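Source file: structure-v5.pdb; contents: PDB, C-alpha atoms, pLDDT in the B column.
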ATOM      1  CA  VAL A 736      11.349   3.450 -22.121  1.00 77.00           C
ATOM      2  CA  GLU A 737      12.474   0.217 -23.779  1.00 78.00           C
ATOM      3  CA  ALA A 738       9.702  -1.734 -22.081  1.00 79.00           C
ATOM      4  CA  MET A 739       7.066   0.810 -23.144  1.00 80.00           C
ATOM      5  CA  THR A 740       8.225   0.888 -26.785  1.00 81.00           C
ATOM      6  CA  MET A 741       9.032  -2.807 -27.299  1.00 84.00           C
ATOM      7  CA  GLY A 742       6.813  -4.729 -24.881  1.00 84.00           C
ATOM      8  CA  THR A 743       3.254  -5.905 -25.479  1.00 89.00           C
ATOM      9  CA  ARG A 744       2.655  -6.648 -21.787  1.00 92.00           C
ATOM     10  CA  ILE A 745       4.689  -5.257 -18.905  1.00 93.00           C
ATOM     11  CA  VAL A 746       5.023  -6.352 -15.294  1.00 94.00           C
ATOM     12  CA  VAL A 747       5.624  -3.492 -12.831  1.00 94.00           C
ATOM     13  CA  MET A 748       7.136  -4.696  -9.546  1.00 94.00           C
ATOM     14  CA  LYS A 749       7.862  -3.070  -6.201  1.00 93.00           C
ATOM     15  CA  ASP A 750       9.717  -4.713  -3.302  1.00 91.00           C
ATOM     16  CA  GLY A 751       9.410  -8.084  -5.037  1.00 93.00           C
ATOM     17  CA  PHE A 752       5.635  -7.868  -5.493  1.00 91.00           C
ATOM     18  CA  MET A 753       3.778  -7.454  -8.774  1.00 94.00           C
ATOM     19  CA  GLN A 754       1.834  -4.204  -8.821  1.00 94.00           C
ATOM     20  CA  GLN A 755       0.268  -4.427 -12.277  1.00 95.00           C
ATOM     21  CA  VAL A 756       0.528  -6.595 -15.399  1.00 95.00           C
ATOM     22  CA  ASP A 757      -0.843  -4.782 -18.437  1.00 94.00           C
ATOM     23  CA  THR A 758      -0.214  -3.305 -21.872  1.00 94.00           C
ATOM     24  CA  PRO A 759       2.006  -0.199 -22.090  1.00 92.00           C
ATOM     25  CA  ILE A 760      -0.913   2.110 -22.894  1.00 93.00           C
ATOM     26  CA  ASN A 761      -3.027   0.756 -20.026  1.00 94.00           C
ATOM     27  CA  LEU A 762      -0.165   1.231 -17.567  1.00 94.00           C
ATOM     28  CA  TYR A 763       0.004   4.836 -18.703  1.00 94.00           C
ATOM     29  CA  ASP A 764      -3.740   5.550 -18.836  1.00 95.00           C
ATOM     30  CA  TYR A 765      -5.019   3.276 -16.048  1.00 95.00           C
ATOM     31  CA  PRO A 766      -2.357   2.825 -13.338  1.00 96.00           C
ATOM     32  CA  ILE A 767      -3.707   0.596 -10.575  1.00 95.00           C
ATOM     33  CA  ASN A 768      -1.958   2.516  -7.807  1.00 95.00           C
ATOM     34  CA  GLN A 769       0.134   5.578  -7.096  1.00 96.00           C
ATOM     35  CA  PHE A 770       3.446   3.723  -7.464  1.00 96.00           C
ATOM     36  CA  VAL A 771       2.662   2.587 -11.015  1.00 96.00           C
ATOM     37  CA  ALA A 772       1.360   6.059 -11.877  1.00 96.00           C
ATOM     38  CA  GLY A 773       4.592   7.681 -10.736  1.00 94.00           C
ATOM     39  CA  PHE A 774       6.812   4.989 -12.254  1.00 92.00           C
ATOM     40  CA  ILE A 775       5.461   5.337 -15.791  1.00 90.00           C
ATOM     41  CA  GLY A 776       6.018   8.661 -17.551  1.00 89.00           C
ATOM     42  CA  THR A 777       8.713  11.354 -17.730  1.00 89.00           C
ATOM     43  CA  PRO A 778       8.607  13.796 -16.035  1.00 93.00           C
ATOM     44  CA  GLN A 779       6.783  12.054 -13.236  1.00 93.00           C
ATOM     45  CA  MET A 780       3.096  12.644 -12.629  1.00 96.00           C
ATOM     46  CA  ASN A 781       2.248  15.589 -10.362  1.00 96.00           C
ATOM     47  CA  PHE A 782       0.685  14.378  -7.088  1.00 96.00           C
ATOM     48  CA  TYR A 783      -1.317  16.434  -4.595  1.00 95.00           C
ATOM     49  CA  THR A 784      -3.093  15.533  -1.370  1.00 94.00           C
ATOM     50  CA  ALA A 785      -6.691  16.545  -1.996  1.00 95.00           C
ATOM     51  CA  LYS A 786     -10.346  16.253  -1.008  1.00 96.00           C
ATOM     52  CA  LEU A 787     -13.542  15.837  -3.016  1.00 97.00           C
ATOM     53  CA  THR A 788     -16.189  18.502  -2.402  1.00 97.00           C
ATOM     54  CA  GLY A 789     -19.452  19.649  -3.940  1.00 95.00           C
ATOM     55  CA  THR A 790     -22.450  17.544  -4.942  1.00 93.00           C
ATOM     56  CA  LYS A 791     -22.839  14.244  -6.781  1.00 88.00           C
ATOM     57  CA  THR A 792     -23.521  16.163  -9.995  1.00 89.00           C
ATOM     58  CA  LYS A 793     -20.761  18.727  -9.499  1.00 95.00           C
ATOM     59  CA  VAL A 794     -17.657  17.270  -7.847  1.00 97.00           C
ATOM     60  CA  TYR A 795     -14.576  19.410  -7.253  1.00 97.00           C
ATOM     61  CA  VAL A 796     -11.029  18.315  -6.461  1.00 97.00           C
ATOM     62  CA  GLU A 797      -9.594  20.672  -3.833  1.00 96.00           C
ATOM     63  CA  PHE A 798      -5.829  20.637  -3.344  1.00 94.00           C
ATOM     64  CA  GLY A 799      -3.849  23.297  -1.508  1.00 89.00           C
ATOM     65  CA  ASP A 800      -5.488  26.622  -2.295  1.00 89.00           C
ATOM     66  CA  ASP A 801      -6.837  25.488  -5.670  1.00 94.00           C
ATOM     67  CA  LYS A 802     -10.012  23.785  -6.857  1.00 94.00           C
ATOM     68  CA  VAL A 803     -10.844  22.154 -10.214  1.00 97.00           C
ATOM     69  CA  LEU A 804     -14.053  20.583 -11.496  1.00 97.00           C
ATOM     70  CA  LEU A 805     -14.106  16.839 -12.160  1.00 97.00           C
ATOM     71  CA  PRO A 806     -15.941  15.827 -15.379  1.00 96.00           C
ATOM     72  CA  GLN A 807     -19.142  13.890 -14.746  1.00 95.00           C
ATOM     73  CA  SER A 808     -17.805  11.054 -16.907  1.00 94.00           C
ATOM     74  CA  LYS A 809     -15.014  10.588 -14.341  1.00 95.00           C
ATOM     75  CA  VAL A 810     -17.311  11.048 -11.337  1.00 95.00           C
ATOM     76  CA  LYS A 811     -19.399   8.072 -12.488  1.00 94.00           C
ATOM     77  CA  LEU A 812     -16.313   5.849 -12.346  1.00 94.00           C
ATOM     78  CA  ILE A 813     -15.315   6.678  -8.752  1.00 95.00           C
ATOM     79  CA  VAL A 814     -15.680   3.703  -6.423  1.00 94.00           C
ATOM     80  CA  GLY A 815     -17.298   4.622  -3.096  1.00 91.00           C
ATOM     81  CA  LEU A 816     -17.843   8.288  -3.882  1.00 94.00           C
ATOM     82  CA  GLU A 817     -19.884   8.742  -0.699  1.00 94.00           C
ATOM     83  CA  LYS A 818     -16.781   7.870   1.389  1.00 93.00           C
ATOM     84  CA  TYR A 819     -14.846  10.808  -0.040  1.00 95.00           C
ATOM     85  CA  LEU A 820     -17.348  13.502  -1.003  1.00 96.00           C
ATOM     86  CA  ASN A 821     -17.470  16.288   1.619  1.00 96.00           C
ATOM     87  CA  THR A 822     -15.713  14.148   4.225  1.00 95.00           C
ATOM     88  CA  GLU A 823     -12.327  14.309   5.939  1.00 92.00           C
ATOM     89  CA  LYS A 824     -11.099  11.281   3.977  1.00 93.00           C
ATOM     90  CA  GLU A 825      -8.194  12.402   1.820  1.00 95.00           C
ATOM     91  CA  ILE A 826      -7.270  11.336  -1.687  1.00 96.00           C
ATOM     92  CA  VAL A 827      -4.256  11.907  -3.919  1.00 96.00           C
ATOM     93  CA  PHE A 828      -4.930  13.862  -7.089  1.00 97.00           C
ATOM     94  CA  GLY A 829      -2.602  13.042  -9.992  1.00 97.00           C
ATOM     95  CA  ILE A 830      -2.123  14.905 -13.266  1.00 97.00           C
ATOM     96  CA  ARG A 831       0.600  14.242 -15.822  1.00 97.00           C
ATOM     97  CA  PRO A 832       2.764  17.192 -17.021  1.00 97.00           C
ATOM     98  CA  GLU A 833       1.639  16.584 -20.621  1.00 97.00           C
ATOM     99  CA  ASP A 834      -2.012  16.971 -19.551  1.00 97.00           C
ATOM    100  CA  ILE A 835      -1.403  20.547 -18.381  1.00 97.00           C
ATOM    101  CA  HIS A 836      -1.710  23.307 -20.986  1.00 97.00           C
ATOM    102  CA  ASP A 837      -0.873  27.004 -21.268  1.00 96.00           C
ATOM    103  CA  ASP A 838      -2.380  27.821 -24.683  1.00 95.00           C
ATOM    104  CA  ALA A 839      -5.401  30.089 -25.101  1.00 95.00           C
ATOM    105  CA  GLU A 840      -7.608  27.389 -26.637  1.00 95.00           C
ATOM    106  CA  TRP A 841      -7.280  25.111 -23.624  1.00 95.00           C
ATOM    107  CA  LEU A 842      -7.672  27.970 -21.144  1.00 96.00           C
ATOM    108  CA  GLU A 843     -10.914  28.978 -22.857  1.00 95.00           C
ATOM    109  CA  LYS A 844     -12.502  25.521 -22.828  1.00 93.00           C
ATOM    110  CA  ALA A 845     -11.237  24.496 -19.377  1.00 95.00           C
ATOM    111  CA  LYS A 846     -12.200  27.520 -17.272  1.00 94.00           C
ATOM    112  CA  THR A 847     -13.401  25.292 -14.421  1.00 96.00           C
ATOM    113  CA  ALA A 848     -10.140  23.332 -14.456  1.00 96.00           C
ATOM    114  CA  SER A 849      -7.578  26.143 -14.506  1.00 96.00           C
ATOM    115  CA  ILE A 850      -5.254  27.420 -11.778  1.00 96.00           C
ATOM    116  CA  LYS A 851      -2.833  30.318 -11.376  1.00 95.00           C
ATOM    117  CA  VAL A 852       0.874  29.535 -11.003  1.00 95.00           C
ATOM    118  CA  LYS A 853       4.211  31.320 -10.875  1.00 94.00           C
ATOM    119  CA  VAL A 854       6.737  30.054 -13.418  1.00 95.00           C
ATOM    120  CA  ASP A 855      10.153  29.514 -11.808  1.00 94.00           C
ATOM    121  CA  VAL A 856      12.065  27.823 -14.637  1.00 95.00           C
ATOM    122  CA  VAL A 857      11.433  27.149 -18.322  1.00 96.00           C
ATOM    123  CA  GLU A 858      13.378  24.258 -19.869  1.00 96.00           C
ATOM    124  CA  ALA A 859      13.305  24.399 -23.677  1.00 95.00           C
ATOM    125  CA  LEU A 860      13.670  20.956 -25.276  1.00 94.00           C
ATOM    126  CA  GLY A 861      12.928  21.803 -28.902  1.00 93.00           C
ATOM    127  CA  SER A 862       9.559  20.240 -29.668  1.00 94.00           C
ATOM    128  CA  GLU A 863       8.395  20.832 -26.085  1.00 96.00           C
ATOM    129  CA  LYS A 864       9.028  22.960 -23.029  1.00 96.00           C
ATOM    130  CA  LEU A 865       8.981  21.989 -19.371  1.00 97.00           C
ATOM    131  CA  LEU A 866       7.532  24.618 -17.055  1.00 97.00           C
ATOM    132  CA  TYR A 867       8.598  24.318 -13.412  1.00 96.00           C
ATOM    133  CA  CYS A 868       5.984  26.231 -11.465  1.00 95.00           C
ATOM    134  CA  LYS A 869       4.761  27.097  -7.992  1.00 93.00           C
ATOM    135  CA  THR A 870       1.069  26.957  -7.146  1.00 91.00           C
ATOM    136  CA  GLY A 871      -0.544  29.390  -4.725  1.00 77.00           C
ATOM    137  CA  HIS A 872      -0.298  26.890  -1.875  1.00 64.00           C
ATOM    138  CA  ALA A 873       2.011  28.156   0.871  1.00 52.00           C
ATOM    139  CA  ILE A 874       4.319  25.621   2.538  1.00 46.00           C
ATOM    140  CA  THR A 875       4.587  26.117   6.288  1.00 46.00           C
ATOM    141  CA  GLU A 876       6.836  23.172   7.122  1.00 50.00           C
ATOM    142  CA  GLU A 877      10.478  24.163   6.796  1.00 54.00           C
ATOM    143  CA  ASP A 878      11.823  20.618   6.501  1.00 53.00           C
ATOM    144  CA  VAL A 879       9.507  19.491   3.682  1.00 55.00           C
ATOM    145  CA  SER A 880      11.365  17.818   0.813  1.00 52.00           C
ATOM    146  CA  ILE A 881      11.143  18.932  -2.815  1.00 51.00           C
ATOM    147  CA  ALA A 882       9.260  15.722  -3.656  1.00 50.00           C
ATOM    148  CA  ASP A 883       6.706  16.341  -0.885  1.00 58.00           C
ATOM    149  CA  ASP A 884       6.318  20.059  -1.614  1.00 66.00           C
ATOM    150  CA  ILE A 885       2.782  20.149  -3.026  1.00 70.00           C
ATOM    151  CA  SER A 886       3.293  23.706  -4.250  1.00 84.00           C
ATOM    152  CA  ASN A 887       5.528  22.311  -7.014  1.00 92.00           C
ATOM    153  CA  LEU A 888       4.056  21.659 -10.463  1.00 95.00           C
ATOM    154  CA  ILE A 889       5.629  20.570 -13.750  1.00 96.00           C
ATOM    155  CA  ALA A 890       3.872  21.155 -17.063  1.00 97.00           C
ATOM    156  CA  LYS A 891       5.004  19.839 -20.455  1.00 97.00           C
ATOM    157  CA  VAL A 892       3.781  22.276 -23.102  1.00 97.00           C
ATOM    158  CA  ASP A 893       4.363  22.937 -26.804  1.00 95.00           C
ATOM    159  CA  GLY A 894       7.883  23.975 -27.725  1.00 95.00           C
ATOM    160  CA  ARG A 895       6.552  27.162 -29.330  1.00 94.00           C
ATOM    161  CA  SER A 896       4.922  28.313 -26.116  1.00 94.00           C
ATOM    162  CA  THR A 897       5.748  31.953 -25.321  1.00 94.00           C
ATOM    163  CA  THR A 898       5.676  31.386 -21.540  1.00 94.00           C
ATOM    164  CA  THR A 899       8.798  32.738 -19.824  1.00 94.00           C
ATOM    165  CA  ALA A 900      10.250  32.362 -16.338  1.00 95.00           C
ATOM    166  CA  GLY A 901       9.357  34.821 -13.618  1.00 92.00           C
ATOM    167  CA  GLY A 902       5.768  35.526 -14.599  1.00 90.00           C
ATOM    168  CA  GLU A 903       2.384  34.434 -13.300  1.00 94.00           C
ATOM    169  CA  ILE A 904       0.190  32.520 -15.739  1.00 95.00           C
ATOM    170  CA  ALA A 905      -2.913  30.345 -15.847  1.00 96.00           C
ATOM    171  CA  LEU A 906      -2.632  26.645 -16.622  1.00 97.00           C
ATOM    172  CA  ALA A 907      -5.487  24.394 -17.741  1.00 97.00           C
ATOM    173  CA  PHE A 908      -5.793  20.765 -16.629  1.00 98.00           C
ATOM    174  CA  ASP A 909      -7.130  18.078 -18.963  1.00 97.00           C
ATOM    175  CA  MET A 910      -9.344  16.518 -16.297  1.00 97.00           C
ATOM    176  CA  GLU A 911     -10.422  13.720 -18.632  1.00 96.00           C
ATOM    177  CA  HIS A 912      -6.954  12.286 -18.021  1.00 96.00           C
ATOM    178  CA  CYS A 913      -6.575  12.997 -14.311  1.00 97.00           C
ATOM    179  CA  HIS A 914      -6.098  10.279 -11.669  1.00 97.00           C
ATOM    180  CA  LEU A 915      -7.456   9.838  -8.147  1.00 97.00           C
ATOM    181  CA  PHE A 916      -5.954   7.540  -5.507  1.00 97.00           C
ATOM    182  CA  ASP A 917      -6.955   6.673  -1.958  1.00 94.00           C
ATOM    183  CA  LYS A 918      -4.485   8.409   0.388  1.00 93.00           C
ATOM    184  CA  PHE A 919      -4.416   5.448   2.811  1.00 90.00           C
ATOM    185  CA  THR A 920      -4.060   2.500   0.412  1.00 90.00           C
ATOM    186  CA  GLU A 921      -2.623   4.384  -2.637  1.00 93.00           C
ATOM    187  CA  VAL A 922      -4.975   2.331  -4.865  1.00 94.00           C
ATOM    188  CA  THR A 923      -6.835   4.151  -7.643  1.00 96.00           C
ATOM    189  CA  ILE A 924     -10.462   4.943  -6.805  1.00 95.00           C
ATOM    190  CA  MET A 925     -11.382   5.531 -10.437  1.00 95.00           C
ATOM    191  CA  ALA A 926     -12.394   2.441 -12.431  1.00 93.00           C
ATOM    192  CA  ARG A 927     -11.575   1.999 -16.123  1.00 92.00           C
ATOM    193  CA  SER A 928     -15.258   1.420 -16.891  1.00 89.00           C
ATOM    194  CA  ALA A 929     -18.571   0.781 -15.149  1.00 86.00           C
ATOM    195  CA  ASP A 930     -17.971  -2.980 -15.507  1.00 87.00           C
ATOM    196  CA  ASP A 931     -14.629  -2.658 -13.704  1.00 89.00           C
ATOM    197  CA  LYS A 932     -16.037  -1.006 -10.559  1.00 88.00           C
ATOM    198  CA  ALA A 933     -16.884  -4.262  -8.750  1.00 88.00           C
ATOM    199  CA  TYR A 934     -13.328  -5.605  -9.142  1.00 88.00           C
ATOM    200  CA  LEU A 935     -11.822  -2.312  -7.998  1.00 90.00           C
ATOM    201  CA  GLU A 936     -14.127  -2.136  -4.976  1.00 89.00           C
ATOM    202  CA  GLU A 937     -12.953  -5.605  -3.918  1.00 89.00           C
ATOM    203  CA  LEU A 938      -9.305  -4.636  -4.409  1.00 89.00           C
ATOM    204  CA  ILE A 939      -9.696  -1.443  -2.372  1.00 89.00           C
ATOM    205  CA  ALA A 940     -11.344  -3.345   0.496  1.00 89.00           C
ATOM    206  CA  LYS A 941      -8.495  -5.881   0.492  1.00 90.00           C
ATOM    207  CA  ARG A 942      -5.833  -3.155   0.510  1.00 88.00           C
ATOM    208  CA  GLU A 943      -7.596  -1.274   3.324  1.00 88.00           C
ATOM    209  CA  GLU A 944      -7.560  -4.432   5.415  1.00 91.00           C
ATOM    210  CA  GLU A 945      -3.860  -5.013   4.686  1.00 89.00           C
ATOM    211  CA  GLU A 946      -2.925  -1.402   5.471  1.00 88.00           C
ATOM    212  CA  THR A 947      -4.911  -1.503   8.732  1.00 90.00           C
ATOM    213  CA  VAL A 948      -3.005  -4.611   9.844  1.00 92.00           C
ATOM    214  CA  LYS A 949       0.310  -2.929   8.946  1.00 89.00           C
ATOM    215  CA  ALA A 950      -0.643   0.217  10.860  1.00 90.00           C
ATOM    216  CA  GLU A 951      -1.579  -1.812  13.928  1.00 92.00           C
ATOM    217  CA  GLU A 952       1.718  -3.703  13.731  1.00 93.00           C
ATOM    218  CA  ARG A 953       3.682  -0.448  13.471  1.00 92.00           C
ATOM    219  CA  ALA A 954       1.803   0.984  16.447  1.00 93.00           C
ATOM    220  CA  ARG A 955       2.527  -2.165  18.478  1.00 93.00           C
ATOM    221  CA  LYS A 956       6.261  -1.984  17.706  1.00 93.00           C
ATOM    222  CA  GLU A 957       6.401   1.719  18.527  1.00 92.00           C
ATOM    223  CA  GLU A 958       4.695   1.079  21.848  1.00 93.00           C
ATOM    224  CA  GLU A 959       7.145  -1.720  22.645  1.00 91.00           C
ATOM    225  CA  GLU A 960      10.067   0.599  21.814  1.00 91.00           C
ATOM    226  CA  ARG A 961       8.616   3.324  24.016  1.00 91.00           C
ATOM    227  CA  ILE A 962       8.195   0.966  26.964  1.00 89.00           C
ATOM    228  CA  LYS A 963      11.724  -0.369  26.432  1.00 88.00           C
ATOM    229  CA  LYS A 964      13.235   3.148  26.427  1.00 88.00           C
ATOM    230  CA  GLU A 965      11.291   4.162  29.521  1.00 88.00           C
ATOM    231  CA  ALA A 966      12.555   1.040  31.307  1.00 86.00           C
ATOM    232  CA  GLU A 967      16.163   1.860  30.342  1.00 85.00           C
ATOM    233  CA  ILE A 968      15.789   5.438  31.581  1.00 85.00           C
ATOM    234  CA  ALA A 969      14.296   4.199  34.840  1.00 80.00           C
ATOM    235  CA  LYS A 970      17.424   2.075  35.444  1.00 72.00           C
TER
END

Can you present the structure in this file as structure tokens?
Amino acid sequence: VEAMTMGTRIVVMKDGFMQQVDTPINLYDYPINQFVAGFIGTPQMNFYTAKLTGTKTKVYVEFGDDKVLLPQSKVKLIVGLEKYLNTEKEIVFGIRPEDIHDDAEWLEKAKTASIKVKVDVVEALGSEKLLYCKTGHAITEEDVSIADDISNLIAKVDGRSTTTAGGEIALAFDMEHCHLFDKFTEVTIMARSADDKAYLEELIAKREEEETVKAEERARKEEEERIKKEAEIAK
């Protein structure tokens, strides 16, 4: 919070490596990867494993049992859309709690970007309320953690909202402020502008190469461990 309010440029680091160097507002609006997106903002951004479906003029983000329409202005900024649209390649869909709304005005103008949820808990904080909700997506894995449970959703709405716990409501997403990340590299696939697409495409290619090398190294070590264990059992 101090860095966001006092700094003019901020360096976000992870494991000793710089992830992004930018102004506070750019870190918030244009996170370069999923780590930065989750690091900036309270409560943390909602993340969902998703796929892109539809046509080039009408792209939907499908996550769990829900589907929302992506504005064409955002579609134009996606790097390598053909790699994700109607394919098995997964993305991560991110939406901040403050970009989710429960008021009638938003629900009316965002009919193609609304989902049904069950409200578990309402936390009243005066000027705002936090809604802890469950989407319609059923979790089948018993050992899934709360953080990995993609049926969880947090919305930050106006403090005068009449939403109460226990009911089912509709929530509208402000898709102009949504985020899309590659599931494999965790790098954003949505450029800041048309001029930024070339740089982002180069960055994504570099990260894909790095992640492929890491995956191959992990597979090699796992195979060595397997052979070692089999040899010990044979003794």

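With the shown file loaded, the PyMOL selection byres ((chain A and resi 932-943) around 8) picks out A:Leu812, A:Ile813, A:Val814, A:Gly815, A:Phe919, A:Thr920, A:Val922, A:Ile924, A:Ala926, A:Arg927, A:Ser928, A:Ala929, A:Asp930, A:Asp931, A:Glu944, A:Glu945, A:Glu946, A:Thr947.
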
* Asked: atom CA of A:Pro832 to atom CA of A:Gly776: how many Å, to one decimal?
  -> 9.1 Å

Would you place a box with edges along x, y and z of the file around all atoms of stretch 946-951 of chain A listed there, add 3 Å to each of its six sides, and report the centre and edge lengths in Å to one decimal, as lines of an AutoDock Vina configuration file?
center_x = -2.3
center_y = -2.2
center_z = 9.7
size_x = 11.2
size_y = 10.8
size_z = 14.5

* To do: Using only C-alpha atoms, determine which residues lie at most 10 Å from stretch 790-797 of chain A, disregarding the query and same-chain residues fewer than 2 positions distant; provide the list as a list in words.
  =>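 Answer for this query is Tyr783, Thr784, Ala785, Lys786, Leu787, Thr788, Gly799, Asp800, Asp801, Lys802, Val803, Leu804, Leu805, Pro806, Gln807, Lys809, Val810, Lys811, Leu816, Glu817, Leu820, Asn821, Ile826, Val827, Phe828, Thr847, Ala848 and Leu915 of chain A.
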
Within 8 Å of stretch 759-773 of chain A, counting only C-alpha atoms, which residues qualify if same-chain residues fewer than 2 places away don't, as a short mmCIF file (atom, residue, chain, number, x, y, z; two decimals) with C-alpha atoms, keeping the file's coordinate frame?
data_model
loop_
_atom_site.label_atom_id
_atom_site.label_comp_id
_atom_site.auth_asym_id
_atom_site.auth_seq_id
_atom_site.Cartn_x
_atom_site.Cartn_y
_atom_site.Cartn_z
CA ALA A 738 9.70 -1.73 -22.08
CA MET A 739 7.07 0.81 -23.14
CA THR A 740 8.22 0.89 -26.78
CA GLY A 742 6.81 -4.73 -24.88
CA THR A 743 3.25 -5.90 -25.48
CA ARG A 744 2.66 -6.65 -21.79
CA ILE A 745 4.69 -5.26 -18.90
CA VAL A 747 5.62 -3.49 -12.83
CA GLN A 754 1.83 -4.20 -8.82
CA GLN A 755 0.27 -4.43 -12.28
CA ASP A 757 -0.84 -4.78 -18.44
CA ILE A 775 5.46 5.34 -15.79
CA GLY A 776 6.02 8.66 -17.55
CA GLN A 779 6.78 12.05 -13.24
CA MET A 780 3.10 12.64 -12.63
CA HIS A 912 -6.95 12.29 -18.02
CA PHE A 916 -5.95 7.54 -5.51
CA GLU A 921 -2.62 4.38 -2.64
CA VAL A 922 -4.97 2.33 -4.86
CA THR A 923 -6.84 4.15 -7.64
CA ARG A 927 -11.58 2.00 -16.12
#

Completed stretch 933-946 of chain A (N, CA, C and O atoms) as a JSON list (two decimals), in the frame of the given file:
[["chain", "number", "residue", "atom", "x", "y", "z"],
["A", 933, "ALA", "N", -16.76, -3.20, -9.75],
["A", 933, "ALA", "CA", -16.88, -4.26, -8.75],
["A", 933, "ALA", "C", -15.51, -4.83, -8.38],
["A", 933, "ALA", "O", -15.21, -5.04, -7.20],
["A", 934, "TYR", "N", -14.68, -5.09, -9.39],
["A", 934, "TYR", "CA", -13.33, -5.60, -9.14],
["A", 934, "TYR", "C", -12.51, -4.61, -8.33],
["A", 934, "TYR", "O", -11.83, -4.98, -7.37],
["A", 935, "LEU", "N", -12.60, -3.34, -8.69],
["A", 935, "LEU", "CA", -11.82, -2.31, -8.00],
["A", 935, "LEU", "C", -12.28, -2.14, -6.55],
["A", 935, "LEU", "O", -11.47, -1.95, -5.65],
["A", 936, "GLU", "N", -13.59, -2.25, -6.33],
["A", 936, "GLU", "CA", -14.13, -2.14, -4.98],
["A", 936, "GLU", "C", -13.59, -3.26, -4.09],
["A", 936, "GLU", "O", -13.22, -3.04, -2.93],
["A", 937, "GLU", "N", -13.49, -4.46, -4.65],
["A", 937, "GLU", "CA", -12.95, -5.60, -3.92],
["A", 937, "GLU", "C", -11.47, -5.40, -3.61],
["A", 937, "GLU", "O", -11.00, -5.70, -2.51],
["A", 938, "LEU", "N", -10.73, -4.88, -4.59],
["A", 938, "LEU", "CA", -9.30, -4.64, -4.41],
["A", 938, "LEU", "C", -9.06, -3.58, -3.34],
["A", 938, "LEU", "O", -8.18, -3.74, -2.47],
["A", 939, "ILE", "N", -9.84, -2.51, -3.36],
["A", 939, "ILE", "CA", -9.70, -1.44, -2.37],
["A", 939, "ILE", "C", -9.96, -1.97, -0.97],
["A", 939, "ILE", "O", -9.23, -1.67, -0.01],
["A", 940, "ALA", "N", -11.01, -2.78, -0.82],
["A", 940, "ALA", "CA", -11.34, -3.34, 0.50],
["A", 940, "ALA", "C", -10.20, -4.22, 1.01],
["A", 940, "ALA", "O", -9.85, -4.18, 2.20],
["A", 941, "LYS", "N", -9.61, -5.00, 0.11],
["A", 941, "LYS", "CA", -8.49, -5.88, 0.49],
["A", 941, "LYS", "C", -7.29, -5.06, 0.93],
["A", 941, "LYS", "O", -6.65, -5.37, 1.94],
["A", 942, "ARG", "N", -6.98, -4.01, 0.17],
["A", 942, "ARG", "CA", -5.83, -3.16, 0.51],
["A", 942, "ARG", "C", -6.06, -2.41, 1.82],
["A", 942, "ARG", "O", -5.14, -2.23, 2.61],
["A", 943, "GLU", "N", -7.29, -1.97, 2.07],
["A", 943, "GLU", "CA", -7.60, -1.27, 3.32],
["A", 943, "GLU", "C", -7.37, -2.20, 4.51],
["A", 943, "GLU", "O", -6.83, -1.78, 5.55],
["A", 944, "GLU", "N", -7.76, -3.45, 4.35],
["A", 944, "GLU", "CA", -7.56, -4.43, 5.42],
["A", 944, "GLU", "C", -6.07, -4.67, 5.65],
["A", 944, "GLU", "O", -5.61, -4.69, 6.80],
["A", 945, "GLU", "N", -5.30, -4.80, 4.57],
["A", 945, "GLU", "CA", -3.86, -5.01, 4.69],
["A", 945, "GLU", "C", -3.18, -3.82, 5.34],
["A", 945, "GLU", "O", -2.30, -3.98, 6.20],
["A", 946, "GLU", "N", -3.55, -2.61, 4.92],
["A", 946, "GLU", "CA", -2.92, -1.40, 5.47],
["A", 946, "GLU", "C", -3.29, -1.21, 6.94],
["A", 946, "GLU", "O", -2.48, -0.72, 7.73]]
